[in-house]
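Student: One file: structure-v5.cif (mmCIF, C-alpha atoms).
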data_run
#
loop_
_atom_site.label_atom_id
_atom_site.label_comp_id
_atom_site.auth_asym_id
_atom_site.auth_seq_id
_atom_site.Cartn_x
_atom_site.Cartn_y
_atom_site.Cartn_z
CA MET B 1 0.16 -12.31 -1.87
CA ASN B 2 -1.51 -10.76 1.18
CA ASN B 3 -5.21 -11.71 1.34
CA LYS B 4 -5.86 -10.85 5.01
CA ASN B 5 -9.28 -9.29 5.39
CA PHE B 6 -8.99 -7.01 8.44
CA ILE B 7 -6.86 -3.91 8.86
CA ASN B 8 -6.03 -2.91 12.43
CA TYR B 9 -5.13 0.70 13.20
CA HIS B 10 -3.22 1.49 16.39
CA ILE B 11 -2.65 5.20 17.02
CA LEU B 12 -0.96 7.02 19.90
CA ILE B 13 -1.65 10.73 20.03
CA SER B 14 -0.71 13.16 22.80
CA HIS B 15 -3.23 15.93 23.34
CA SER B 16 -2.27 19.19 25.01
CA PRO B 17 -4.79 20.57 27.57
CA ALA B 18 -8.31 20.06 26.23
CA ASN B 19 -11.86 18.93 26.90
CA LEU B 20 -12.57 17.04 23.67
CA ASN B 21 -15.66 15.08 24.69
CA ARG B 22 -18.03 16.09 27.48
CA ASP B 23 -20.84 14.41 29.36
CA ASP B 24 -24.21 15.94 30.29
CA MET B 25 -22.57 17.79 33.19
CA GLY B 26 -19.87 19.34 31.02
CA MET B 27 -17.21 17.08 32.51
CA GLN B 28 -14.77 15.07 30.43
CA LYS B 29 -15.99 11.61 29.54
CA SER B 30 -14.02 8.99 31.41
CA VAL B 31 -13.83 5.28 32.15
CA ILE B 32 -12.32 3.02 34.78
CA PHE B 33 -9.81 0.75 33.03
CA GLY B 34 -7.34 -1.37 34.94
CA GLY B 35 -8.89 -0.01 38.12
CA LYS B 36 -7.84 3.56 37.27
CA ARG B 37 -9.64 6.57 35.83
CA ARG B 38 -8.86 7.35 32.21
CA VAL B 39 -10.17 10.22 30.11
CA ARG B 40 -12.18 8.97 27.14
CA ILE B 41 -13.23 10.20 23.70
CA SER B 42 -16.32 8.28 22.63
CA SER B 43 -16.33 6.45 19.33
CA GLN B 44 -19.42 8.46 18.31
CA SER B 45 -17.58 11.73 18.87
CA LEU B 46 -14.49 10.53 17.03
CA LYS B 47 -16.42 9.11 14.07
CA ARG B 48 -18.43 12.29 13.65
CA ALA B 49 -15.22 14.33 13.65
CA LEU B 50 -13.77 12.04 10.98
CA ARG B 51 -16.90 12.15 8.81
CA HIS B 52 -17.20 15.92 8.88
CA SER B 53 -13.54 16.73 8.28
CA ASP B 54 -12.44 18.41 5.07
CA TYR B 55 -10.09 15.51 4.32
CA TYR B 56 -12.96 13.02 4.54
CA LYS B 57 -15.13 15.07 2.17
CA GLU B 58 -12.29 15.41 -0.33
CA HIS B 59 -10.90 11.87 -0.30
CA ILE B 60 -13.74 9.54 0.81
CA SER B 61 -17.20 11.03 0.28
CA GLN B 62 -19.64 13.63 1.45
CA PRO B 63 -21.06 12.61 4.82
CA SER B 64 -24.54 11.16 4.77
CA ASP B 65 -27.44 13.13 6.24
CA ARG B 66 -28.27 11.72 9.66
CA THR B 67 -31.68 12.86 10.79
CA ARG B 68 -35.14 11.84 11.95
CA ASN B 69 -36.68 15.07 10.67
CA LEU B 70 -38.24 14.10 7.35
CA THR B 71 -39.61 17.59 6.75
CA LEU B 72 -36.17 19.17 6.70
CA LEU B 73 -34.82 16.21 4.74
CA SER B 74 -37.48 16.62 2.06
CA LYS B 75 -36.74 20.32 1.71
CA LYS B 76 -33.02 19.67 1.33
CA TYR B 77 -33.36 16.93 -1.29
CA ILE B 78 -36.07 18.72 -3.25
CA ALA B 79 -33.77 21.74 -3.48
CA ALA B 80 -30.78 19.58 -4.46
CA LEU B 81 -32.59 17.46 -7.07
CA GLN B 82 -35.15 19.93 -8.43
CA ASP B 83 -33.35 20.19 -11.79
CA LYS B 84 -33.71 16.42 -12.32
CA TYR B 85 -37.00 15.41 -10.70
CA ASN B 86 -40.20 17.15 -9.68
CA PRO B 87 -40.87 17.68 -5.96
CA GLU B 88 -43.75 15.16 -5.93
CA THR B 89 -41.45 12.37 -7.14
CA ILE B 90 -38.79 13.18 -4.55
CA GLN B 91 -41.37 13.36 -1.75
CA THR B 92 -42.88 10.04 -2.88
CA ILE B 93 -39.48 8.35 -2.76
CA ILE B 94 -38.76 9.67 0.74
CA GLU B 95 -42.13 8.30 1.89
CA TYR B 96 -41.33 4.94 0.30
CA ILE B 97 -38.05 4.87 2.20
CA CYS B 98 -39.71 5.88 5.47
CA PRO B 99 -43.52 5.38 5.32
CA LYS B 100 -45.73 7.99 7.00
CA LYS B 101 -47.39 5.28 9.06
CA ASP B 102 -44.15 4.90 11.01
CA ASN B 103 -44.20 6.95 14.17
CA ILE B 104 -41.32 9.35 13.76
CA LYS B 105 -41.11 9.82 17.54
CA ASN B 106 -40.12 6.18 17.90
CA GLN B 107 -37.66 6.26 15.03
CA ALA B 108 -33.93 6.57 15.61
CA VAL B 109 -31.78 8.96 13.65
CA ALA B 110 -31.12 7.31 10.28
CA ALA B 111 -28.40 7.84 7.70
CA TRP B 112 -29.70 9.14 4.37
CA SER B 113 -27.82 9.39 1.09
CA GLN B 114 -28.76 11.91 -1.58
CA ALA B 115 -27.29 9.55 -4.19
CA GLU B 116 -29.58 6.80 -2.90
CA VAL B 117 -32.69 8.97 -3.10
CA GLU B 118 -31.66 10.13 -6.57
CA LYS B 119 -31.25 6.53 -7.76
CA TYR B 120 -34.68 5.59 -6.46
CA CYS B 121 -36.16 8.64 -8.22
CA GLN B 122 -34.58 7.49 -11.47
CA LEU B 123 -35.94 3.98 -11.01
CA TYR B 124 -39.39 5.32 -10.11
CA VAL B 125 -39.60 7.50 -13.22
CA GLU B 126 -38.42 4.67 -15.47
CA LEU B 127 -40.92 2.17 -14.09
CA LYS B 128 -43.75 4.72 -14.28
CA ALA B 129 -42.97 5.21 -17.95
CA GLN B 130 -43.03 1.46 -18.55
CA HIS B 131 -46.20 0.66 -16.58
CA SER B 132 -49.24 2.90 -17.00
CA ASP B 133 -51.37 0.50 -14.97
CA GLU B 134 -50.98 1.22 -11.26
CA LYS B 135 -51.26 -2.42 -10.23
CA GLU B 136 -48.54 -3.45 -12.66
CA PHE B 137 -46.34 -0.61 -11.48
CA ASP B 138 -46.85 -1.49 -7.80
CA LYS B 139 -46.00 -5.12 -8.48
CA GLU B 140 -42.81 -4.28 -10.37
CA TRP B 141 -41.79 -1.61 -7.84
CA LYS B 142 -42.11 -4.04 -4.93
CA ASN B 143 -40.23 -6.68 -6.86
CA VAL B 144 -37.30 -4.38 -7.63
CA THR B 145 -37.06 -2.66 -4.25
CA LYS B 146 -37.63 -5.68 -2.02
CA ASN B 147 -36.29 -8.65 -3.94
CA ASN B 148 -33.29 -7.02 -5.58
CA LYS B 149 -31.84 -4.85 -2.84
CA LYS B 150 -28.34 -6.18 -3.38
CA GLY B 151 -28.44 -5.16 -7.03
CA LEU B 152 -29.77 -1.73 -6.12
CA LEU B 153 -27.09 -1.33 -3.48
CA ALA B 154 -24.39 -1.93 -6.06
CA ALA B 155 -25.99 0.72 -8.25
CA PHE B 156 -26.64 3.54 -5.79
CA GLN B 157 -24.05 3.12 -3.05
CA LYS B 158 -21.96 6.10 -4.05
CA THR B 159 -21.92 7.36 -0.49
CA VAL B 160 -18.90 5.52 0.92
CA ASP B 161 -19.76 7.14 4.25
CA ILE B 162 -22.65 4.72 4.77
CA ALA B 163 -20.53 1.82 3.52
CA LEU B 164 -18.01 2.58 6.28
CA SER B 165 -20.36 3.48 9.14
CA GLY B 166 -23.34 1.28 8.26
CA ARG B 167 -27.06 1.79 8.77
CA MET B 168 -29.91 -0.07 10.42
CA ALA B 169 -33.29 0.03 8.69
CA THR B 170 -36.50 -1.39 10.16
CA SER B 171 -39.11 -0.46 7.56
CA GLY B 172 -39.71 0.88 4.08
CA ILE B 173 -37.24 0.33 1.26
CA MET B 174 -34.21 1.70 3.10
CA THR B 175 -31.46 -0.91 3.05
CA THR B 176 -29.71 -2.17 6.18
CA ILE B 177 -25.93 -2.01 5.76
CA ASP B 178 -23.41 -3.59 8.12
CA ALA B 179 -20.62 -1.16 9.00
CA ALA B 180 -17.20 -1.94 7.56
CA LEU B 181 -15.35 0.28 10.04
CA SER B 182 -15.32 -0.37 13.79
CA VAL B 183 -13.96 2.40 16.02
CA ALA B 184 -13.14 2.01 19.70
CA HIS B 185 -13.52 4.64 22.39
CA ALA B 186 -10.13 6.34 22.66
CA ILE B 187 -8.69 6.24 26.18
CA THR B 188 -5.65 7.68 27.88
CA THR B 189 -2.79 5.27 28.43
CA HIS B 190 -2.37 6.63 31.94
CA VAL B 191 -4.31 7.86 34.96
CA VAL B 192 -5.84 11.32 34.59
CA ASP B 193 -7.04 13.62 37.34
CA GLY B 194 -8.87 16.45 35.59
CA ASP B 195 -8.15 20.09 36.34
CA ILE B 196 -10.83 22.75 36.68
CA ASP B 197 -10.56 25.99 34.74
CA TRP B 198 -12.38 28.86 36.45
CA PHE B 199 -12.88 31.42 33.73
CA THR B 200 -14.50 34.80 33.34
CA ALA B 201 -15.69 36.94 30.47
CA VAL B 202 -15.30 40.70 30.66
CA ASP B 203 -18.24 42.87 29.61
CA ASP B 204 -16.50 45.64 27.67
CA LEU B 205 -19.39 48.11 27.84
CA THR B 206 -19.98 47.87 31.58
CA GLU B 207 -16.22 48.17 32.09
CA GLU B 208 -16.22 51.38 30.05
CA ALA B 209 -19.09 52.60 32.22
CA GLY B 210 -16.90 52.19 35.29
CA GLU B 211 -18.35 48.96 36.67
CA THR B 212 -16.02 46.30 38.04
CA GLY B 213 -16.33 42.53 37.93
CA SER B 214 -16.96 40.09 35.13
CA GLY B 215 -19.98 39.76 32.88
CA HIS B 216 -19.88 35.99 33.07
CA LEU B 217 -18.03 33.33 35.02
CA ASP B 218 -18.07 29.55 34.86
CA THR B 219 -15.93 26.43 35.19
CA THR B 220 -14.90 23.65 32.85
CA GLU B 221 -12.86 20.52 33.35
CA PHE B 222 -9.81 19.87 31.22
CA SER B 223 -6.70 17.71 31.10
CA ALA B 224 -3.81 16.63 28.90
CA GLY B 225 -2.99 13.05 27.99
CA VAL B 226 -1.74 10.41 25.58
CA PHE B 227 -4.67 8.63 23.90
CA TYR B 228 -4.75 5.18 22.34
CA ARG B 229 -7.03 5.09 19.31
CA TYR B 230 -7.97 1.73 17.82
CA ALA B 231 -10.07 0.95 14.75
CA SER B 232 -10.61 -2.07 12.52
CA LEU B 233 -11.62 -2.10 8.86
CA ASN B 234 -13.33 -5.12 7.28
CA LEU B 235 -12.17 -5.00 3.66
CA ALA B 236 -14.61 -7.60 2.34
CA GLN B 237 -17.55 -5.84 4.00
CA LEU B 238 -16.43 -2.52 2.55
CA GLN B 239 -16.17 -4.02 -0.94
CA ALA B 240 -19.63 -5.59 -0.65
CA ASN B 241 -21.17 -2.37 0.70
CA ILE B 242 -19.83 -0.23 -2.11
CA GLY B 243 -20.84 -2.75 -4.74
CA GLU B 244 -18.26 -5.50 -5.12
CA VAL B 245 -15.41 -3.10 -5.96
CA ASP B 246 -11.90 -4.49 -6.26
CA ARG B 247 -9.44 -4.72 -3.35
CA PRO B 248 -7.16 -1.87 -4.53
CA TYR B 249 -10.03 0.61 -4.24
CA ALA B 250 -10.86 -0.64 -0.74
CA LEU B 251 -7.18 -0.30 0.22
CA GLU B 252 -7.16 3.28 -1.01
CA ILE B 253 -10.04 4.05 1.34
CA ALA B 254 -8.13 2.21 4.07
CA ALA B 255 -5.14 4.50 3.57
CA HIS B 256 -7.35 7.60 3.80
CA THR B 257 -8.89 6.17 6.98
CA LEU B 258 -5.40 5.91 8.47
CA HIS B 259 -4.78 9.57 7.69
CA LEU B 260 -8.04 10.54 9.39
CA LEU B 261 -7.36 8.51 12.52
CA ALA B 262 -3.91 10.07 12.88
CA THR B 263 -4.85 13.69 12.24
CA VAL B 264 -8.50 14.49 12.97
CA VAL B 265 -9.44 15.80 16.41
CA PRO B 266 -12.97 16.43 17.78
CA SER B 267 -13.96 20.09 17.74
CA ALA B 268 -15.30 20.40 21.29
CA LYS B 269 -13.87 23.36 23.22
CA GLN B 270 -11.19 23.83 20.57
CA ASN B 271 -11.65 27.59 20.45
CA ALA B 272 -10.67 27.60 24.10
CA PHE B 273 -7.88 24.99 24.01
CA ALA B 274 -6.69 24.51 20.38
CA ALA B 275 -5.52 20.94 21.04
CA TYR B 276 -4.92 20.23 17.36
CA ASN B 277 -2.32 17.52 17.89
CA TRP B 278 -1.42 14.83 15.36
CA ALA B 279 -0.24 11.30 16.10
CA ASP B 280 3.40 10.61 16.93
CA PHE B 281 2.98 6.86 16.48
CA ALA B 282 0.90 4.64 14.22
CA LEU B 283 1.09 0.89 13.70
CA VAL B 284 -1.03 -0.83 11.03
CA SER B 285 -1.43 -4.56 10.57
CA PHE B 286 -3.41 -6.97 8.41
CA SER B 287 -5.07 -9.93 10.13
CA ASP B 288 -7.80 -12.56 9.87
CA GLN B 289 -9.86 -10.87 12.58
CA PRO B 290 -9.91 -7.59 14.53
CA ILE B 291 -7.20 -7.37 17.22
CA SER B 292 -7.25 -4.50 19.72
CA LEU B 293 -4.11 -3.95 21.77
CA ALA B 294 -5.72 -1.74 24.42
CA ASN B 295 -4.59 -4.18 27.10
CA ALA B 296 -1.09 -2.82 26.63
CA PHE B 297 -2.35 -0.05 28.92
CA GLU B 298 -4.45 -2.10 31.35
CA GLU B 299 -1.67 -1.27 33.79
CA ALA B 300 -1.51 2.49 33.56
CA VAL B 301 1.64 4.10 32.19
CA THR B 302 3.59 6.16 34.72
CA PRO B 303 5.45 9.36 33.80
CA LYS B 304 9.10 9.03 32.83
CA ASN B 305 10.35 12.16 31.09
CA GLY B 306 6.78 12.57 29.91
CA LEU B 307 4.08 10.05 29.01
CA LEU B 308 4.35 9.70 25.24
CA ALA B 309 7.67 7.84 25.09
CA PRO B 310 6.80 5.30 27.81
CA SER B 311 3.37 4.79 26.20
CA ILE B 312 5.03 3.95 22.89
CA GLN B 313 7.52 1.64 24.61
CA LYS B 314 4.78 -0.18 26.50
CA PHE B 315 2.68 -0.59 23.38
CA VAL B 316 5.59 -1.95 21.34
CA ALA B 317 6.49 -4.48 24.05
CA TYR B 318 2.91 -5.70 24.28
CA GLN B 319 2.47 -5.85 20.50
CA GLN B 320 5.62 -7.92 20.08
CA ASN B 321 4.54 -10.29 22.87
CA ILE B 322 1.05 -10.83 21.42
CA THR B 323 2.51 -11.30 17.95
CA GLN B 324 4.88 -14.00 19.17
CA GLN B 325 2.47 -15.74 21.54
CA TYR B 326 -0.25 -16.09 18.89
CA GLY B 327 2.05 -16.78 15.98
CA LEU B 328 1.11 -13.64 14.06
CA THR B 329 4.60 -12.96 12.75
CA ALA B 330 3.45 -13.58 9.18
CA ASP B 331 0.78 -10.88 9.34
CA PRO B 332 1.95 -7.82 7.36
CA THR B 333 2.70 -4.99 9.79
CA ALA B 334 4.24 -1.54 9.39
CA CYS B 335 5.01 1.25 11.82
CA PHE B 336 5.40 5.03 11.74
CA SER B 337 7.00 6.89 14.64
CA THR B 338 8.39 10.39 15.05
CA SER B 339 11.05 9.01 17.41
CA ASP B 340 12.91 5.77 17.97
CA CYS B 341 10.36 3.19 19.09
CA GLY B 342 12.29 -0.08 18.95
CA LEU B 343 10.53 -1.31 15.80
CA PRO B 344 11.51 -1.00 12.13
CA THR B 345 9.71 2.09 10.85
CA VAL B 346 8.79 3.54 7.48
CA ALA B 347 10.47 6.72 6.27
CA ASP B 348 7.50 8.99 7.00
CA PHE B 349 3.74 8.98 7.41
CA ASN B 350 3.03 9.07 3.68
CA SER B 351 5.16 5.94 3.32
CA LEU B 352 2.86 4.15 5.76
CA LYS B 353 -0.17 5.22 3.71
CA ASN B 354 1.49 3.98 0.54
CA TRP B 355 2.38 0.68 2.21
CA LEU B 356 -1.29 0.25 3.05
CA LYS B 357 -2.41 1.14 -0.48
CA ASN B 358 0.04 -1.46 -1.81
CA ASN B 359 -1.55 -4.24 0.25
CA GLY B 360 1.15 -4.30 2.91
CA GLU B 361 4.08 -4.43 0.52
#
Can you give me the file's structure in the form of structure tokens?
Tutor:
Amino acid sequence: MNNKNFINYHILISHSPANLNRDDMGMQKSVIFGGKRRVRISSQSLKRALRHSDYYKEHISQPSDRTRNLTLLSKKYIAALQDKYNPETIQTIIEYICPKKDNIKNQAVAAWSQAEVEKYCQLYVELKAQHSDEKEFDKEWKNVTKNNKKGLLAAFQKTVDIALSGRMATSGIMTTIDAALSVAHAITTHVVDGDIDWFTAVDDLTEEAGETGSGHLDTTEFSAGVFYRYASLNLAQLQANIGEVDRPYALEIAAHTLHLLATVVPSAKQNAFAAYNWADFALVSFSDQPISLANAFEEAVTPKNGLLAPSIQKFVAYQQNITQQYGLTADPTACFSTSDCGLPTVADFNSLKNWLKNNGE
């Protein structure tokens, strides 16, 4: 039986002209890899796109609320939980999680879970009912929230989003959670020289008035390319984060993660470019540790009747070499490809998801 702990996702996706992730100058993010410029989609951009997709909300969980603005957070949770708890209780819990004495200006954006706040409200009300003496209540509250965080985590961690992406907490009763999912910056398999789009916007009313010229003009960089996406999922960490759930449930989340990595695209400039492309190739493997195969493209792919086919060929050759050289032939591996790739492939993409759900069988 397969008991490998890590799932490695290797995705090749060809994007039509786009500018999916920009820097502070509006230029495409890029990186020098193998001595050559590649266009890049940051892991932060990709993860946010995954978390806020409709598929994620339907099959994994609602995304957590990531904010440093406690005023807006309080308003949202008071409105959401007002039928269960009074506003004072909700506000008290939020201040327990992030004490007022903490300087909010020095605090990073934190991930908040409504389910977590609701669980703490429930616990607070129950303990208040049991302990009329404030000193007794304070003692029991500190005991439960500080000495039994693992037990609380198992009870309130309904937000799988935080279980996947993790959270760092430095004060209060907010729990630090190690991320189960690691996502790499996606990079093109080949050299990219960006193009510049000089665009204008016509002012309809001034045109009707007989004026010539545009109402607005600007430039934006764009390009097309084949991107390698890599991510690794730690099954044991995911199970612990959610609350010691069984492996089949973790594998179901793993299969949904595969779907997201193969189909979700960042939203930047999509109204202008509509680069809604899905993956043509996906390889998934179980292993004892994360294994990125980005070095398949350390030497940039060169065009040969396009870039997608040679990218797939180069990846497959490198994957087979690494597998043989490190003796990983026993690691369960399956591949999906829309064209002949030189590897045994599953019948279709859903078959790859089902293979993953069935623990690589």
Student: Got a sec to resolve the PyMOL selection byres ((chain B and resi 173) around 7) on this structure and send the residues as a PDB file with C-alpha atoms, in the coordinates of the input?
Tutor:
ATOM      1  CA  TYR B  96     -41.330   4.940   0.300  1.00  0.00           C
ATOM      2  CA  ILE B  97     -38.050   4.870   2.200  1.00  0.00           C
ATOM      3  CA  THR B 145     -37.060  -2.660  -4.250  1.00  0.00           C
ATOM      4  CA  LYS B 146     -37.630  -5.680  -2.020  1.00  0.00           C
ATOM      5  CA  SER B 171     -39.110  -0.460   7.560  1.00  0.00           C
ATOM      6  CA  GLY B 172     -39.710   0.880   4.080  1.00  0.00           C
ATOM      7  CA  MET B 174     -34.210   1.700   3.100  1.00  0.00           C
ATOM      8  CA  THR B 175     -31.460  -0.910   3.050  1.00  0.00           C
TER       9      THR B 175
END
Student: Which residues, named as in the file, does the PyMOL selection byres ((chain B and resi 165) around 9) pick out? Answer as a PDB file with C-alpha atoms, in the coordinates of the input.
Tutor:
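Result file follows (selection.pdb):
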ATOM      1  CA  LYS B  47     -16.420   9.110  14.070  1.00  0.00           C
ATOM      2  CA  VAL B 160     -18.900   5.520   0.920  1.00  0.00           C
ATOM      3  CA  ASP B 161     -19.760   7.140   4.250  1.00  0.00           C
ATOM      4  CA  ILE B 162     -22.650   4.720   4.770  1.00  0.00           C
ATOM      5  CA  ALA B 163     -20.530   1.820   3.520  1.00  0.00           C
ATOM      6  CA  LEU B 164     -18.010   2.580   6.280  1.00  0.00           C
ATOM      7  CA  GLY B 166     -23.340   1.280   8.260  1.00  0.00           C
ATOM      8  CA  ARG B 167     -27.060   1.790   8.770  1.00  0.00           C
ATOM      9  CA  ILE B 177     -25.930  -2.010   5.760  1.00  0.00           C
ATOM     10  CA  ASP B 178     -23.410  -3.590   8.120  1.00  0.00           C
ATOM     11  CA  ALA B 179     -20.620  -1.160   9.000  1.00  0.00           C
ATOM     12  CA  ALA B 180     -17.200  -1.940   7.560  1.00  0.00           C
ATOM     13  CA  LEU B 181     -15.350   0.280  10.040  1.00  0.00           C
ATOM     14  CA  SER B 182     -15.320  -0.370  13.790  1.00  0.00           C
TER      15      SER B 182
END
Student: For Asp348 (chain B), work out the shell of residues within 10 Å, counting all atoms listed in the file and skipping chain neighbours fewer than 3 positions away, then give it as a PDB file with C-alpha atoms, keeping the file's coordinate frame.
Tutor:
ATOM      1  CA  CYS B 335       5.010   1.250  11.820  1.00  0.00           C
ATOM      2  CA  PHE B 336       5.400   5.030  11.740  1.00  0.00           C
ATOM      3  CA  SER B 337       7.000   6.890  14.640  1.00  0.00           C
ATOM      4  CA  THR B 338       8.390  10.390  15.050  1.00  0.00           C
ATOM      5  CA  THR B 345       9.710   2.090  10.850  1.00  0.00           C
ATOM      6  CA  SER B 351       5.160   5.940   3.320  1.00  0.00           C
ATOM      7  CA  LEU B 352       2.860   4.150   5.760  1.00  0.00           C
ATOM      8  CA  LYS B 353      -0.170   5.220   3.710  1.00  0.00           C
TER       9      LYS B 353
END
Student: Which residue is closest to Asn354 (chain B)? Choose from B:Ser285, B:Ala255, B:Gln324, B:Leu307 and count all atoms listed in the file.
Tutor: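 Closest residue, counting all atoms listed in the file: B:Ala255.
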Student: Find, counting only C-alpha atoms, the residue in B:Leu238, B:Ile291, B:Leu283, B:Leu20 that gets nearest to Ala49 (chain B).
Tutor: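 Result for the nearest residue to Ala49 (chain B): B:Leu20.
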Student: Provide the CA of Ala80 (chain B) to CA of Glu252 (chain B) distance in Å, to one decimal place.
Tutor: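 For CA of Ala80 (chain B) relative to CA of Glu252 (chain B), the distance reads 28.9 Å.
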Student: Expand the PyMOL selection byres ((chain B and resi 190-202) around 7) into the individual residues it matches in the shown file, reporting them as a PyMOL selection string.
Tutor: chain B and resi 36-39+188-189+203-204+214-223+300-302
Student: Hey, can I get the axis-aligned box for region 333-348 of chain B? All listed atoms, 6 Å padding on each side, centre and edge lengths in Å to one decimal, as lines of an AutoDock Vina configuration file.
Tutor:
center_x = 7.8
center_y = 2.7
center_z = 12.7
size_x = 22.2
size_y = 27.4
size_z = 24.8
Student: Could you work out how far CA of Thr159 (chain B) lies from CA of Ile187 (chain B), giving the answer in Å with one decimal?
Tutor: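 Between CA of Ile187 (chain B) and CA of Thr159 (chain B) the gap works out to 29.8 Å.
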Student: Any idea what's packed within 10 Å of Glu118 (chain B), counting all atoms listed in the file, ignoring anything in its chain fewer than 3 positions away? Could you give it as number ranges by chain?
Tutor: B: 77, 80-81, 84-85, 90, 93, 113-115, 121-124, 156
Student: My list of candidates is B:Asn359, B:Thr176, B:Ser16, B:Thr206. Which is closest to Ser287 (chain B) when distances are computed with only C-alpha atoms?
Tutor: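 Comparing B:Asn359, B:Thr176, B:Ser16, B:Thr206 against Ser287 (chain B), the winner is B:Asn359.
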Student: Please work out which residues fall within 12 Å of (4.6, 12.5, 15.5), coordinates as given in the file, with all atoms listed in the file counting, and return them as a PyMOL selection string.
Tutor: chain B and resi 11-15+262-263+277-282+308-309+312+335-341+348-349
Student: Residues near Leu127 (chain B), anyone? I mean within 12 Å using all atoms listed in the file, not counting same-chain ones fewer than 3 positions away, as an mmCIF file with C-alpha atoms, keeping the file's coordinate frame.
Tutor:
data_model
loop_
_atom_site.group_PDB
_atom_site.id
_atom_site.type_symbol
_atom_site.label_atom_id
_atom_site.label_comp_id
_atom_site.auth_asym_id
_atom_site.auth_seq_id
_atom_site.Cartn_x
_atom_site.Cartn_y
_atom_site.Cartn_z
ATOM 1 C CA TYR B 120 -34.680 5.590 -6.460
ATOM 2 C CA CYS B 121 -36.160 8.640 -8.220
ATOM 3 C CA GLN B 122 -34.580 7.490 -11.470
ATOM 4 C CA LEU B 123 -35.940 3.980 -11.010
ATOM 5 C CA TYR B 124 -39.390 5.320 -10.110
ATOM 6 C CA GLN B 130 -43.030 1.460 -18.550
ATOM 7 C CA HIS B 131 -46.200 0.660 -16.580
ATOM 8 C CA SER B 132 -49.240 2.900 -17.000
ATOM 9 C CA ASP B 133 -51.370 0.500 -14.970
ATOM 10 C CA GLU B 134 -50.980 1.220 -11.260
ATOM 11 C CA LYS B 135 -51.260 -2.420 -10.230
ATOM 12 C CA GLU B 136 -48.540 -3.450 -12.660
ATOM 13 C CA PHE B 137 -46.340 -0.610 -11.480
ATOM 14 C CA ASP B 138 -46.850 -1.490 -7.800
ATOM 15 C CA LYS B 139 -46.000 -5.120 -8.480
ATOM 16 C CA GLU B 140 -42.810 -4.280 -10.370
ATOM 17 C CA TRP B 141 -41.790 -1.610 -7.840
ATOM 18 C CA LYS B 142 -42.110 -4.040 -4.930
ATOM 19 C CA ASN B 143 -40.230 -6.680 -6.860
ATOM 20 C CA VAL B 144 -37.300 -4.380 -7.630
ATOM 21 C CA THR B 145 -37.060 -2.660 -4.250
#
Student: What separation in Å, quoted to one decimal, exists between CA of Phe315 (chain B) and CA of Phe297 (chain B)?
Tutor: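 Separation between CA of Phe315 (chain B) and CA of Phe297 (chain B): 7.5 Å.
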Student: When distances are computed from all atoms listed in the file, which of B:Asn2, B:Tyr249, B:Gln82, B:Leu258 shows the smallest separation from Leu50 (chain B)?
Tutor: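 Among the listed residues, the smallest separation from Leu50 (chain B) belongs to B:Leu258.
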Student: Point out the residue among B:Leu46, B:Ala110, B:Leu205, B:Val31 with the least atom-to-atom distance to Asn69 (chain B), counting all atoms listed in the file.
Tutor: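 Ranked by minimum distance to Asn69 (chain B), first place goes to B:Ala110.
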Student: So which one's closest to Asn350 (chain B), B:Gly34, B:His256, B:His185, B:Leu72? Using all atoms listed in the file, please.
Tutor: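 Closest candidate: B:His256.
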Student: My structure is short of atoms at region 298-307 of chain B; please model N, CA and C atoms there, returning them as a short mmCIF file (atom, residue, chain, number, x, y, z; two decimals), keeping the file's coordinate frame.
Tutor:
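Resulting contents of part.cif:
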data_model
loop_
_atom_site.label_atom_id
_atom_site.label_comp_id
_atom_site.auth_asym_id
_atom_site.auth_seq_id
_atom_site.Cartn_x
_atom_site.Cartn_y
_atom_site.Cartn_z
N GLU B 298 -3.61 -1.69 30.22
CA GLU B 298 -4.45 -2.10 31.35
C GLU B 298 -3.77 -1.71 32.65
N GLU B 299 -2.46 -1.86 32.70
CA GLU B 299 -1.67 -1.27 33.79
C GLU B 299 -1.25 0.11 33.32
N ALA B 300 -1.70 1.12 34.02
CA ALA B 300 -1.51 2.49 33.56
C ALA B 300 -0.03 2.85 33.44
N VAL B 301 0.28 3.59 32.39
CA VAL B 301 1.64 4.10 32.19
C VAL B 301 1.94 5.15 33.25
N THR B 302 3.16 5.14 33.76
CA THR B 302 3.59 6.16 34.72
C THR B 302 4.57 7.11 34.06
N PRO B 303 4.58 8.37 34.46
CA PRO B 303 5.45 9.36 33.80
C PRO B 303 6.93 9.01 33.93
N LYS B 304 7.65 9.19 32.86
CA LYS B 304 9.10 9.03 32.83
C LYS B 304 9.61 9.92 31.72
N ASN B 305 10.01 11.14 32.09
CA ASN B 305 10.35 12.16 31.09
C ASN B 305 9.18 12.35 30.13
N GLY B 306 7.98 12.45 30.70
CA GLY B 306 6.78 12.57 29.91
C GLY B 306 6.03 11.26 29.87
N LEU B 307 4.93 11.24 29.11
CA LEU B 307 4.08 10.05 29.01
C LEU B 307 4.05 9.45 27.61
#
